[in-house]
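Trainee: Sending over coords04.pdb (PDB, N, CA and C atoms, pLDDT in the B column).
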MODEL        1
ATOM      1  N   MET Q  10    -158.349-108.924 -11.433  1.00 86.00           N
ATOM      2  CA  MET Q  10    -159.281-109.921 -11.040  1.00 86.00           C
ATOM      3  C   MET Q  10    -160.637-109.578 -11.637  1.00 86.00           C
ATOM      4  N   LEU Q  11    -161.239-110.591 -12.216  1.00 91.00           N
ATOM      5  CA  LEU Q  11    -162.565-110.433 -12.804  1.00 91.00           C
ATOM      6  C   LEU Q  11    -163.547-111.338 -12.079  1.00 91.00           C
ATOM      7  N   PHE Q  12    -164.754-110.872 -11.911  1.00 93.00           N
ATOM      8  CA  PHE Q  12    -165.791-111.652 -11.260  1.00 93.00           C
ATOM      9  C   PHE Q  12    -166.837-112.069 -12.281  1.00 93.00           C
ATOM     10  N   PHE Q  13    -167.202-113.345 -12.241  1.00 94.00           N
ATOM     11  CA  PHE Q  13    -168.198-113.895 -13.148  1.00 94.00           C
ATOM     12  C   PHE Q  13    -169.230-114.675 -12.349  1.00 94.00           C
ATOM     13  N   ARG Q  14    -170.418-114.817 -12.911  1.00 93.00           N
ATOM     14  CA  ARG Q  14    -171.492-115.564 -12.240  1.00 93.00           C
ATOM     15  C   ARG Q  14    -171.365-117.064 -12.420  1.00 93.00           C
ATOM     16  N   SER Q  15    -170.675-117.495 -13.455  1.00 93.00           N
ATOM     17  CA  SER Q  15    -170.568-118.937 -13.702  1.00 93.00           C
ATOM     18  C   SER Q  15    -169.314-119.236 -14.515  1.00 93.00           C
ATOM     19  N   GLU Q  16    -168.923-120.498 -14.483  1.00 93.00           N
ATOM     20  CA  GLU Q  16    -167.775-120.924 -15.285  1.00 93.00           C
ATOM     21  C   GLU Q  16    -168.109-120.871 -16.774  1.00 93.00           C
ATOM     22  N   GLU Q  17    -169.380-121.030 -17.112  1.00 95.00           N
ATOM     23  CA  GLU Q  17    -169.810-120.904 -18.508  1.00 95.00           C
ATOM     24  C   GLU Q  17    -169.521-119.496 -19.032  1.00 95.00           C
ATOM     25  N   LEU Q  18    -169.798-118.491 -18.222  1.00 96.00           N
ATOM     26  CA  LEU Q  18    -169.518-117.106 -18.623  1.00 96.00           C
ATOM     27  C   LEU Q  18    -168.016-116.851 -18.719  1.00 96.00           C
ATOM     28  N   ILE Q  19    -167.252-117.507 -17.880  1.00 96.00           N
ATOM     29  CA  ILE Q  19    -165.790-117.381 -17.959  1.00 96.00           C
ATOM     30  C   ILE Q  19    -165.303-117.923 -19.293  1.00 96.00           C
ATOM     31  N   ARG Q  20    -165.767-119.126 -19.636  1.00 95.00           N
ATOM     32  CA  ARG Q  20    -165.356-119.733 -20.912  1.00 95.00           C
ATOM     33  C   ARG Q  20    -165.739-118.851 -22.095  1.00 95.00           C
ATOM     34  N   ALA Q  21    -166.939-118.300 -22.064  1.00 97.00           N
ATOM     35  CA  ALA Q  21    -167.392-117.434 -23.164  1.00 97.00           C
ATOM     36  C   ALA Q  21    -166.539-116.178 -23.253  1.00 97.00           C
ATOM     37  N   TRP Q  22    -166.220-115.571 -22.121  1.00 97.00           N
ATOM     38  CA  TRP Q  22    -165.398-114.357 -22.095  1.00 97.00           C
ATOM     39  C   TRP Q  22    -164.007-114.654 -22.657  1.00 97.00           C
ATOM     40  N   CYS Q  23    -163.422-115.764 -22.210  1.00 96.00           N
ATOM     41  CA  CYS Q  23    -162.088-116.130 -22.687  1.00 96.00           C
ATOM     42  C   CYS Q  23    -162.089-116.427 -24.185  1.00 96.00           C
ATOM     43  N   GLN Q  24    -163.098-117.159 -24.626  1.00 97.00           N
ATOM     44  CA  GLN Q  24    -163.188-117.497 -26.041  1.00 97.00           C
ATOM     45  C   GLN Q  24    -163.350-116.242 -26.903  1.00 97.00           C
ATOM     46  N   ALA Q  25    -164.160-115.312 -26.463  1.00 97.00           N
ATOM     47  CA  ALA Q  25    -164.399-114.085 -27.229  1.00 97.00           C
ATOM     48  C   ALA Q  25    -163.141-113.238 -27.356  1.00 97.00           C
ATOM     49  N   ARG Q  26    -162.218-113.399 -26.425  1.00 97.00           N
ATOM     50  CA  ARG Q  26    -160.999-112.597 -26.420  1.00 97.00           C
ATOM     51  C   ARG Q  26    -159.744-113.392 -26.741  1.00 97.00           C
ATOM     52  N   ALA Q  27    -159.927-114.644 -27.103  1.00 96.00           N
ATOM     53  CA  ALA Q  27    -158.814-115.545 -27.418  1.00 96.00           C
ATOM     54  C   ALA Q  27    -157.806-115.596 -26.275  1.00 96.00           C
ATOM     55  N   VAL Q  28    -158.331-115.677 -25.067  1.00 94.00           N
ATOM     56  CA  VAL Q  28    -157.505-115.742 -23.862  1.00 94.00           C
ATOM     57  C   VAL Q  28    -157.653-117.127 -23.253  1.00 94.00           C
ATOM     58  N   PRO Q  29    -156.548-117.793 -22.944  1.00 93.00           N
ATOM     59  CA  PRO Q  29    -156.693-119.108 -22.310  1.00 93.00           C
ATOM     60  C   PRO Q  29    -157.249-118.956 -20.892  1.00 93.00           C
ATOM     61  N   PRO Q  30    -158.182-119.817 -20.511  1.00 90.00           N
ATOM     62  CA  PRO Q  30    -158.735-119.713 -19.165  1.00 90.00           C
ATOM     63  C   PRO Q  30    -157.681-120.039 -18.112  1.00 90.00           C
ATOM     64  N   ARG Q  31    -157.761-119.368 -17.006  1.00 89.00           N
ATOM     65  CA  ARG Q  31    -156.878-119.612 -15.856  1.00 89.00           C
ATOM     66  C   ARG Q  31    -157.704-120.281 -14.762  1.00 89.00           C
ATOM     67  N   PRO Q  32    -157.047-120.756 -13.723  1.00 91.00           N
ATOM     68  CA  PRO Q  32    -157.792-121.381 -12.629  1.00 91.00           C
ATOM     69  C   PRO Q  32    -158.832-120.423 -12.029  1.00 91.00           C
ATOM     70  N   VAL Q  33    -159.939-121.008 -11.620  1.00 93.00           N
ATOM     71  CA  VAL Q  33    -161.056-120.250 -11.071  1.00 93.00           C
ATOM     72  C   VAL Q  33    -161.002-120.305  -9.545  1.00 93.00           C
ATOM     73  N   VAL Q  34    -161.274-119.173  -8.911  1.00 94.00           N
ATOM     74  CA  VAL Q  34    -161.342-119.096  -7.453  1.00 94.00           C
ATOM     75  C   VAL Q  34    -162.765-118.709  -7.079  1.00 94.00           C
ATOM     76  N   ARG Q  35    -163.388-119.541  -6.247  1.00 93.00           N
ATOM     77  CA  ARG Q  35    -164.743-119.225  -5.779  1.00 93.00           C
ATOM     78  C   ARG Q  35    -164.668-118.128  -4.718  1.00 93.00           C
ATOM     79  N   MET Q  36    -165.778-117.468  -4.492  1.00 94.00           N
ATOM     80  CA  MET Q  36    -165.823-116.378  -3.509  1.00 94.00           C
ATOM     81  C   MET Q  36    -165.483-116.857  -2.099  1.00 94.00           C
ATOM     82  N   ASP Q  37    -165.941-118.051  -1.711  1.00 95.00           N
ATOM     83  CA  ASP Q  37    -165.614-118.557  -0.382  1.00 95.00           C
ATOM     84  C   ASP Q  37    -164.116-118.824  -0.249  1.00 95.00           C
ATOM     85  N   GLN Q  38    -163.493-119.291  -1.324  1.00 96.00           N
ATOM     86  CA  GLN Q  38    -162.047-119.497  -1.304  1.00 96.00           C
ATOM     87  C   GLN Q  38    -161.314-118.160  -1.210  1.00 96.00           C
ATOM     88  N   LEU Q  39    -161.785-117.182  -1.956  1.00 95.00           N
ATOM     89  CA  LEU Q  39    -161.174-115.857  -1.944  1.00 95.00           C
ATOM     90  C   LEU Q  39    -161.250-115.245  -0.550  1.00 95.00           C
ATOM     91  N   TRP Q  40    -162.402-115.375   0.095  1.00 95.00           N
ATOM     92  CA  TRP Q  40    -162.568-114.846   1.450  1.00 95.00           C
ATOM     93  C   TRP Q  40    -161.601-115.536   2.417  1.00 95.00           C
ATOM     94  N   HIS Q  41    -161.538-116.858   2.370  1.00 95.00           N
ATOM     95  CA  HIS Q  41    -160.641-117.594   3.262  1.00 95.00           C
ATOM     96  C   HIS Q  41    -159.181-117.203   2.999  1.00 95.00           C
ATOM     97  N   LEU Q  42    -158.828-117.048   1.738  1.00 94.00           N
ATOM     98  CA  LEU Q  42    -157.467-116.643   1.386  1.00 94.00           C
ATOM     99  C   LEU Q  42    -157.142-115.275   1.963  1.00 94.00           C
ATOM    100  N   ALA Q  43    -158.041-114.321   1.815  1.00 93.00           N
ATOM    101  CA  ALA Q  43    -157.804-112.966   2.330  1.00 93.00           C
ATOM    102  C   ALA Q  43    -157.661-112.958   3.848  1.00 93.00           C
ATOM    103  N   VAL Q  44    -158.550-113.663   4.526  1.00 93.00           N
ATOM    104  CA  VAL Q  44    -158.504-113.699   5.994  1.00 93.00           C
ATOM    105  C   VAL Q  44    -157.210-114.351   6.482  1.00 93.00           C
ATOM    106  N   THR Q  45    -156.806-115.425   5.816  1.00 91.00           N
ATOM    107  CA  THR Q  45    -155.579-116.129   6.210  1.00 91.00           C
ATOM    108  C   THR Q  45    -154.339-115.308   5.870  1.00 91.00           C
ATOM    109  N   TRP Q  46    -154.303-114.770   4.665  1.00 89.00           N
ATOM    110  CA  TRP Q  46    -153.120-114.052   4.163  1.00 89.00           C
ATOM    111  C   TRP Q  46    -152.883-112.750   4.924  1.00 89.00           C
ATOM    112  N   TYR Q  47    -153.945-112.010   5.176  1.00 90.00           N
ATOM    113  CA  TYR Q  47    -153.811-110.683   5.788  1.00 90.00           C
ATOM    114  C   TYR Q  47    -154.234-110.629   7.246  1.00 90.00           C
ATOM    115  N   GLY Q  48    -154.515-111.771   7.850  1.00 87.00           N
ATOM    116  CA  GLY Q  48    -155.010-111.824   9.213  1.00 87.00           C
ATOM    117  C   GLY Q  48    -154.085-111.245  10.269  1.00 87.00           C
ATOM    118  N   THR Q  49    -152.788-111.210  10.002  1.00 86.00           N
ATOM    119  CA  THR Q  49    -151.820-110.712  10.988  1.00 86.00           C
ATOM    120  C   THR Q  49    -151.198-109.376  10.586  1.00 86.00           C
ATOM    121  N   ARG Q  50    -151.710-108.733   9.579  1.00 87.00           N
ATOM    122  CA  ARG Q  50    -151.072-107.507   9.067  1.00 87.00           C
ATOM    123  C   ARG Q  50    -151.029-106.359  10.070  1.00 87.00           C
ATOM    124  N   LEU Q  51    -151.943-106.327  11.021  1.00 87.00           N
ATOM    125  CA  LEU Q  51    -151.951-105.230  11.998  1.00 87.00           C
ATOM    126  C   LEU Q  51    -151.133-105.555  13.244  1.00 87.00           C
ATOM    127  N   GLU Q  52    -150.568-106.748  13.305  1.00 88.00           N
ATOM    128  CA  GLU Q  52    -149.737-107.122  14.440  1.00 88.00           C
ATOM    129  C   GLU Q  52    -148.346-106.520  14.270  1.00 88.00           C
ATOM    130  N   PRO Q  53    -147.667-106.219  15.387  1.00 90.00           N
ATOM    131  CA  PRO Q  53    -146.335-105.611  15.303  1.00 90.00           C
ATOM    132  C   PRO Q  53    -145.341-106.453  14.497  1.00 90.00           C
ATOM    133  N   VAL Q  54    -145.444-107.766  14.613  1.00 87.00           N
ATOM    134  CA  VAL Q  54    -144.542-108.644  13.868  1.00 87.00           C
ATOM    135  C   VAL Q  54    -145.374-109.349  12.803  1.00 87.00           C
ATOM    136  N   SER Q  55    -145.427-108.749  11.648  1.00 87.00           N
ATOM    137  CA  SER Q  55    -146.184-109.304  10.537  1.00 87.00           C
ATOM    138  C   SER Q  55    -145.232-109.539   9.383  1.00 87.00           C
ATOM    139  N   ARG Q  56    -145.420-110.646   8.682  1.00 86.00           N
ATOM    140  CA  ARG Q  56    -144.546-110.954   7.545  1.00 86.00           C
ATOM    141  C   ARG Q  56    -145.352-111.662   6.471  1.00 86.00           C
ATOM    142  N   ARG Q  57    -144.815-111.623   5.290  1.00 86.00           N
ATOM    143  CA  ARG Q  57    -145.425-112.343   4.181  1.00 86.00           C
ATOM    144  C   ARG Q  57    -145.158-113.835   4.386  1.00 86.00           C
ATOM    145  N   PRO Q  58    -146.128-114.702   4.057  1.00 88.00           N
ATOM    146  CA  PRO Q  58    -145.888-116.136   4.202  1.00 88.00           C
ATOM    147  C   PRO Q  58    -144.738-116.597   3.303  1.00 88.00           C
ATOM    148  N   ALA Q  59    -143.955-117.535   3.818  1.00 89.00           N
ATOM    149  CA  ALA Q  59    -142.889-118.148   3.022  1.00 89.00           C
ATOM    150  C   ALA Q  59    -143.522-119.060   1.971  1.00 89.00           C
ATOM    151  N   ALA Q  60    -142.735-119.473   0.985  1.00 90.00           N
ATOM    152  CA  ALA Q  60    -143.259-120.283  -0.124  1.00 90.00           C
ATOM    153  C   ALA Q  60    -143.977-121.536   0.371  1.00 90.00           C
ATOM    154  N   ALA Q  61    -143.396-122.246   1.323  1.00 91.00           N
ATOM    155  CA  ALA Q  61    -144.035-123.459   1.849  1.00 91.00           C
ATOM    156  C   ALA Q  61    -145.359-123.120   2.533  1.00 91.00           C
ATOM    157  N   GLU Q  62    -145.404-122.005   3.243  1.00 92.00           N
ATOM    158  CA  GLU Q  62    -146.643-121.571   3.897  1.00 92.00           C
ATOM    159  C   GLU Q  62    -147.695-121.185   2.858  1.00 92.00           C
ATOM    160  N   MET Q  63    -147.247-120.532   1.791  1.00 92.00           N
ATOM    161  CA  MET Q  63    -148.176-120.172   0.714  1.00 92.00           C
ATOM    162  C   MET Q  63    -148.819-121.421   0.132  1.00 92.00           C
ATOM    163  N   ARG Q  64    -147.996-122.422  -0.175  1.00 92.00           N
ATOM    164  CA  ARG Q  64    -148.533-123.670  -0.727  1.00 92.00           C
ATOM    165  C   ARG Q  64    -149.536-124.297   0.234  1.00 92.00           C
ATOM    166  N   GLN Q  65    -149.217-124.266   1.529  1.00 93.00           N
ATOM    167  CA  GLN Q  65    -150.115-124.841   2.534  1.00 93.00           C
ATOM    168  C   GLN Q  65    -151.442-124.076   2.590  1.00 93.00           C
ATOM    169  N   ILE Q  66    -151.375-122.765   2.542  1.00 94.00           N
ATOM    170  CA  ILE Q  66    -152.594-121.944   2.551  1.00 94.00           C
ATOM    171  C   ILE Q  66    -153.440-122.253   1.319  1.00 94.00           C
ATOM    172  N   PHE Q  67    -152.818-122.243   0.148  1.00 95.00           N
ATOM    173  CA  PHE Q  67    -153.544-122.524  -1.084  1.00 95.00           C
ATOM    174  C   PHE Q  67    -154.169-123.918  -1.037  1.00 95.00           C
ATOM    175  N   GLU Q  68    -153.386-124.890  -0.615  1.00 95.00           N
ATOM    176  CA  GLU Q  68    -153.864-126.276  -0.537  1.00 95.00           C
ATOM    177  C   GLU Q  68    -155.043-126.396   0.424  1.00 95.00           C
ATOM    178  N   SER Q  69    -154.982-125.686   1.543  1.00 95.00           N
ATOM    179  CA  SER Q  69    -156.034-125.802   2.564  1.00 95.00           C
ATOM    180  C   SER Q  69    -157.394-125.307   2.073  1.00 95.00           C
ATOM    181  N   ILE Q  70    -157.396-124.471   1.042  1.00 95.00           N
ATOM    182  CA  ILE Q  70    -158.675-123.982   0.518  1.00 95.00           C
ATOM    183  C   ILE Q  70    -158.992-124.560  -0.864  1.00 95.00           C
ATOM    184  N   GLY Q  71    -158.235-125.593  -1.234  1.00 94.00           N
ATOM    185  CA  GLY Q  71    -158.548-126.305  -2.464  1.00 94.00           C
ATOM    186  C   GLY Q  71    -157.924-125.746  -3.725  1.00 94.00           C
ATOM    187  N   LEU Q  72    -156.928-124.884  -3.583  1.00 94.00           N
ATOM    188  CA  LEU Q  72    -156.241-124.329  -4.751  1.00 94.00           C
ATOM    189  C   LEU Q  72    -154.966-125.139  -4.961  1.00 94.00           C
ATOM    190  N   ARG Q  73    -155.005-126.016  -5.959  1.00 92.00           N
ATOM    191  CA  ARG Q  73    -153.912-126.962  -6.176  1.00 92.00           C
ATOM    192  C   ARG Q  73    -153.345-126.830  -7.587  1.00 92.00           C
ATOM    193  N   GLY Q  74    -152.132-127.294  -7.750  1.00 89.00           N
ATOM    194  CA  GLY Q  74    -151.495-127.328  -9.065  1.00 89.00           C
ATOM    195  C   GLY Q  74    -150.386-126.303  -9.186  1.00 89.00           C
ATOM    196  N   ASP Q  75    -149.665-126.381 -10.290  1.00 88.00           N
ATOM    197  CA  ASP Q  75    -148.515-125.496 -10.516  1.00 88.00           C
ATOM    198  C   ASP Q  75    -148.882-124.020 -10.477  1.00 88.00           C
ATOM    199  N   PHE Q  76    -150.076-123.679 -10.931  1.00 89.00           N
ATOM    200  CA  PHE Q  76    -150.486-122.272 -10.934  1.00 89.00           C
ATOM    201  C   PHE Q  76    -150.381-121.677  -9.537  1.00 89.00           C
ATOM    202  N   TRP Q  77    -150.674-122.483  -8.509  1.00 90.00           N
ATOM    203  CA  TRP Q  77    -150.698-121.998  -7.129  1.00 90.00           C
ATOM    204  C   TRP Q  77    -149.390-122.243  -6.398  1.00 90.00           C
ATOM    205  N   ASP Q  78    -148.389-122.779  -7.079  1.00 90.00           N
ATOM    206  CA  ASP Q  78    -147.084-123.020  -6.464  1.00 90.00           C
ATOM    207  C   ASP Q  78    -146.213-121.787  -6.695  1.00 90.00           C
ATOM    208  N   PRO Q  79    -145.854-121.054  -5.622  1.00 89.00           N
ATOM    209  CA  PRO Q  79    -145.079-119.832  -5.797  1.00 89.00           C
ATOM    210  C   PRO Q  79    -143.684-120.056  -6.379  1.00 89.00           C
ATOM    211  N   GLN Q  80    -143.244-121.301  -6.411  1.00 86.00           N
ATOM    212  CA  GLN Q  80    -141.923-121.569  -6.953  1.00 86.00           C
ATOM    213  C   GLN Q  80    -141.976-122.213  -8.342  1.00 86.00           C
ATOM    214  N   ALA Q  81    -143.169-122.467  -8.840  1.00 84.00           N
ATOM    215  CA  ALA Q  81    -143.318-123.022 -10.187  1.00 84.00           C
ATOM    216  C   ALA Q  81    -143.404-121.881 -11.190  1.00 84.00           C
ATOM    217  N   ASP Q  82    -142.957-122.159 -12.380  1.00 72.00           N
ATOM    218  CA  ASP Q  82    -143.057-121.154 -13.442  1.00 72.00           C
ATOM    219  C   ASP Q  82    -143.989-121.716 -14.506  1.00 72.00           C
ATOM    220  N   SER Q  83    -145.291-121.700 -14.191  1.00 61.00           N
ATOM    221  CA  SER Q  83    -146.263-122.339 -15.076  1.00 61.00           C
ATOM    222  C   SER Q  83    -146.644-121.481 -16.281  1.00 61.00           C
ATOM    223  N   PHE Q  84    -146.166-120.258 -16.365  1.00 55.00           N
ATOM    224  CA  PHE Q  84    -146.531-119.403 -17.488  1.00 55.00           C
ATOM    225  C   PHE Q  84    -145.507-119.436 -18.611  1.00 55.00           C
ATOM    226  N   ARG Q  85    -144.347-119.954 -18.355  1.00 53.00           N
ATOM    227  CA  ARG Q  85    -143.350-120.078 -19.436  1.00 53.00           C
ATOM    228  C   ARG Q  85    -143.538-121.395 -20.132  1.00 53.00           C
ATOM    229  N   GLN Q  86    -143.683-121.349 -21.433  1.00 46.00           N
ATOM    230  CA  GLN Q  86    -143.875-122.583 -22.188  1.00 46.00           C
ATOM    231  C   GLN Q  86    -143.201-122.494 -23.505  1.00 46.00           C
TER
ENDMDL
END
Output the structure of this file as structure tokens.
Mentor:
Amino acid sequence: MLFFRSEELIRAWCQARAVPPRPVVRMDQLWHLAVTWYGTRLEPVSRRPAAAEMRQIFESIGLRGDFWDPQADSFRQ
């Protein structure tokens, strides 16, 4: 994970390295994702979210598309 101050800097970094840009996650989205994903880890009955739950979590914080679908294979082309 890399942190950038702006999407302009992301584009410049990717261009300089000939790397295609990937979806961007804002800090507020990252925080919400961490709190939701790991919020029950200290409970006796803790489990990883199922694929449908993952999609719901991602969708609830504005992360949409095949990249965020745990059952999509968006990197094979």
Trainee: Calculate, to one decimal in Å, the centre and edge lengths of the box along x, y and z of the file that holds all listed atoms of stretch 23-29 of chain Q with 6 Å of margin on each side, and present them as AutoDock Vina command-line options.
Mentor:
--center_x -160.5 --center_y -115.9 --center_z -24.2 --size_x 19.9 --size_y 18.5 --size_z 18.5
Trainee: Could you give me, as a count of residues only, the residues within 7 Å of stretch 34-43 of chain Q, counting all atoms listed in the file and dropping anything in the same chain fewer than 3 positions from it?
Mentor: 6
Trainee: To one decimal in Å, tell me the separation between atom CA of Q:Asp82 and atom CA of Q:Ala60.
Mentor: 13.3 Å
Trainee: Which residue gives the smallest distance to Q:Val33 among Q:Glu16, Q:Glu68, Q:Ala21, Q:Pro53, with all atoms listed in the file counted?
Mentor: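 Among Q:Glu16, Q:Glu68, Q:Ala21, Q:Pro53, it is Q:Glu16 that comes nearest to Q:Val33.
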Trainee: Rounded to one decimal place, report the atom CA of Q:Leu11-atom N of Q:Pro32 distance in Å.
Mentor: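 Taking atom CA of Q:Leu11 and atom N of Q:Pro32, their separation equals 11.7 Å.
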Trainee: As an MDAnalysis selection string, please: every residue in chain Q that a backbone DSSP assignment puts in helix (DSSP H, G or I).
Mentor: chainID Q and resid 16:26 36:47 60:69 75:77
Trainee: How about saving the chosen residues, N, CA and C atoms kept, as a short mmCIF file (atom, residue, chain, number, x, y, z; two decimals), in the coordinates of the input?
Mentor:
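In the end it all went to result_24.cif:
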data_model
loop_
_atom_site.label_atom_id
_atom_site.label_comp_id
_atom_site.auth_asym_id
_atom_site.auth_seq_id
_atom_site.Cartn_x
_atom_site.Cartn_y
_atom_site.Cartn_z
N GLU Q 16 -168.92 -120.50 -14.48
CA GLU Q 16 -167.78 -120.92 -15.28
C GLU Q 16 -168.11 -120.87 -16.77
N GLU Q 17 -169.38 -121.03 -17.11
CA GLU Q 17 -169.81 -120.90 -18.51
C GLU Q 17 -169.52 -119.50 -19.03
N LEU Q 18 -169.80 -118.49 -18.22
CA LEU Q 18 -169.52 -117.11 -18.62
C LEU Q 18 -168.02 -116.85 -18.72
N ILE Q 19 -167.25 -117.51 -17.88
CA ILE Q 19 -165.79 -117.38 -17.96
C ILE Q 19 -165.30 -117.92 -19.29
N ARG Q 20 -165.77 -119.13 -19.64
CA ARG Q 20 -165.36 -119.73 -20.91
C ARG Q 20 -165.74 -118.85 -22.10
N ALA Q 21 -166.94 -118.30 -22.06
CA ALA Q 21 -167.39 -117.43 -23.16
C ALA Q 21 -166.54 -116.18 -23.25
N TRP Q 22 -166.22 -115.57 -22.12
CA TRP Q 22 -165.40 -114.36 -22.10
C TRP Q 22 -164.01 -114.65 -22.66
N CYS Q 23 -163.42 -115.76 -22.21
CA CYS Q 23 -162.09 -116.13 -22.69
C CYS Q 23 -162.09 -116.43 -24.18
N GLN Q 24 -163.10 -117.16 -24.63
CA GLN Q 24 -163.19 -117.50 -26.04
C GLN Q 24 -163.35 -116.24 -26.90
N ALA Q 25 -164.16 -115.31 -26.46
CA ALA Q 25 -164.40 -114.08 -27.23
C ALA Q 25 -163.14 -113.24 -27.36
N ARG Q 26 -162.22 -113.40 -26.42
CA ARG Q 26 -161.00 -112.60 -26.42
C ARG Q 26 -159.74 -113.39 -26.74
N MET Q 36 -165.78 -117.47 -4.49
CA MET Q 36 -165.82 -116.38 -3.51
C MET Q 36 -165.48 -116.86 -2.10
N ASP Q 37 -165.94 -118.05 -1.71
CA ASP Q 37 -165.61 -118.56 -0.38
C ASP Q 37 -164.12 -118.82 -0.25
N GLN Q 38 -163.49 -119.29 -1.32
CA GLN Q 38 -162.05 -119.50 -1.30
C GLN Q 38 -161.31 -118.16 -1.21
N LEU Q 39 -161.78 -117.18 -1.96
CA LEU Q 39 -161.17 -115.86 -1.94
C LEU Q 39 -161.25 -115.24 -0.55
N TRP Q 40 -162.40 -115.38 0.10
CA TRP Q 40 -162.57 -114.85 1.45
C TRP Q 40 -161.60 -115.54 2.42
N HIS Q 41 -161.54 -116.86 2.37
CA HIS Q 41 -160.64 -117.59 3.26
C HIS Q 41 -159.18 -117.20 3.00
N LEU Q 42 -158.83 -117.05 1.74
CA LEU Q 42 -157.47 -116.64 1.39
C LEU Q 42 -157.14 -115.28 1.96
N ALA Q 43 -158.04 -114.32 1.82
CA ALA Q 43 -157.80 -112.97 2.33
C ALA Q 43 -157.66 -112.96 3.85
N VAL Q 44 -158.55 -113.66 4.53
CA VAL Q 44 -158.50 -113.70 5.99
C VAL Q 44 -157.21 -114.35 6.48
N THR Q 45 -156.81 -115.42 5.82
CA THR Q 45 -155.58 -116.13 6.21
C THR Q 45 -154.34 -115.31 5.87
N TRP Q 46 -154.30 -114.77 4.66
CA TRP Q 46 -153.12 -114.05 4.16
C TRP Q 46 -152.88 -112.75 4.92
N TYR Q 47 -153.94 -112.01 5.18
CA TYR Q 47 -153.81 -110.68 5.79
C TYR Q 47 -154.23 -110.63 7.25
N ALA Q 60 -142.74 -119.47 0.98
CA ALA Q 60 -143.26 -120.28 -0.12
C ALA Q 60 -143.98 -121.54 0.37
N ALA Q 61 -143.40 -122.25 1.32
CA ALA Q 61 -144.04 -123.46 1.85
C ALA Q 61 -145.36 -123.12 2.53
N GLU Q 62 -145.40 -122.00 3.24
CA GLU Q 62 -146.64 -121.57 3.90
C GLU Q 62 -147.70 -121.18 2.86
N MET Q 63 -147.25 -120.53 1.79
CA MET Q 63 -148.18 -120.17 0.71
C MET Q 63 -148.82 -121.42 0.13
N ARG Q 64 -148.00 -122.42 -0.18
CA ARG Q 64 -148.53 -123.67 -0.73
C ARG Q 64 -149.54 -124.30 0.23
N GLN Q 65 -149.22 -124.27 1.53
CA GLN Q 65 -150.12 -124.84 2.53
C GLN Q 65 -151.44 -124.08 2.59
N ILE Q 66 -151.38 -122.76 2.54
CA ILE Q 66 -152.59 -121.94 2.55
C ILE Q 66 -153.44 -122.25 1.32
N PHE Q 67 -152.82 -122.24 0.15
CA PHE Q 67 -153.54 -122.52 -1.08
C PHE Q 67 -154.17 -123.92 -1.04
N GLU Q 68 -153.39 -124.89 -0.62
CA GLU Q 68 -153.86 -126.28 -0.54
C GLU Q 68 -155.04 -126.40 0.42
N SER Q 69 -154.98 -125.69 1.54
CA SER Q 69 -156.03 -125.80 2.56
C SER Q 69 -157.39 -125.31 2.07
N ASP Q 75 -149.66 -126.38 -10.29
CA ASP Q 75 -148.51 -125.50 -10.52
C ASP Q 75 -148.88 -124.02 -10.48
N PHE Q 76 -150.08 -123.68 -10.93
CA PHE Q 76 -150.49 -122.27 -10.93
C PHE Q 76 -150.38 -121.68 -9.54
N TRP Q 77 -150.67 -122.48 -8.51
CA TRP Q 77 -150.70 -122.00 -7.13
C TRP Q 77 -149.39 -122.24 -6.40
#
Trainee: Could you work out how far atom N of Q:Pro79 lies from atom CA of Q:Arg26, giving the answer in Å with one decimal?
Mentor: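 Atom N of Q:Pro79 lies 27.1 Å from atom CA of Q:Arg26.
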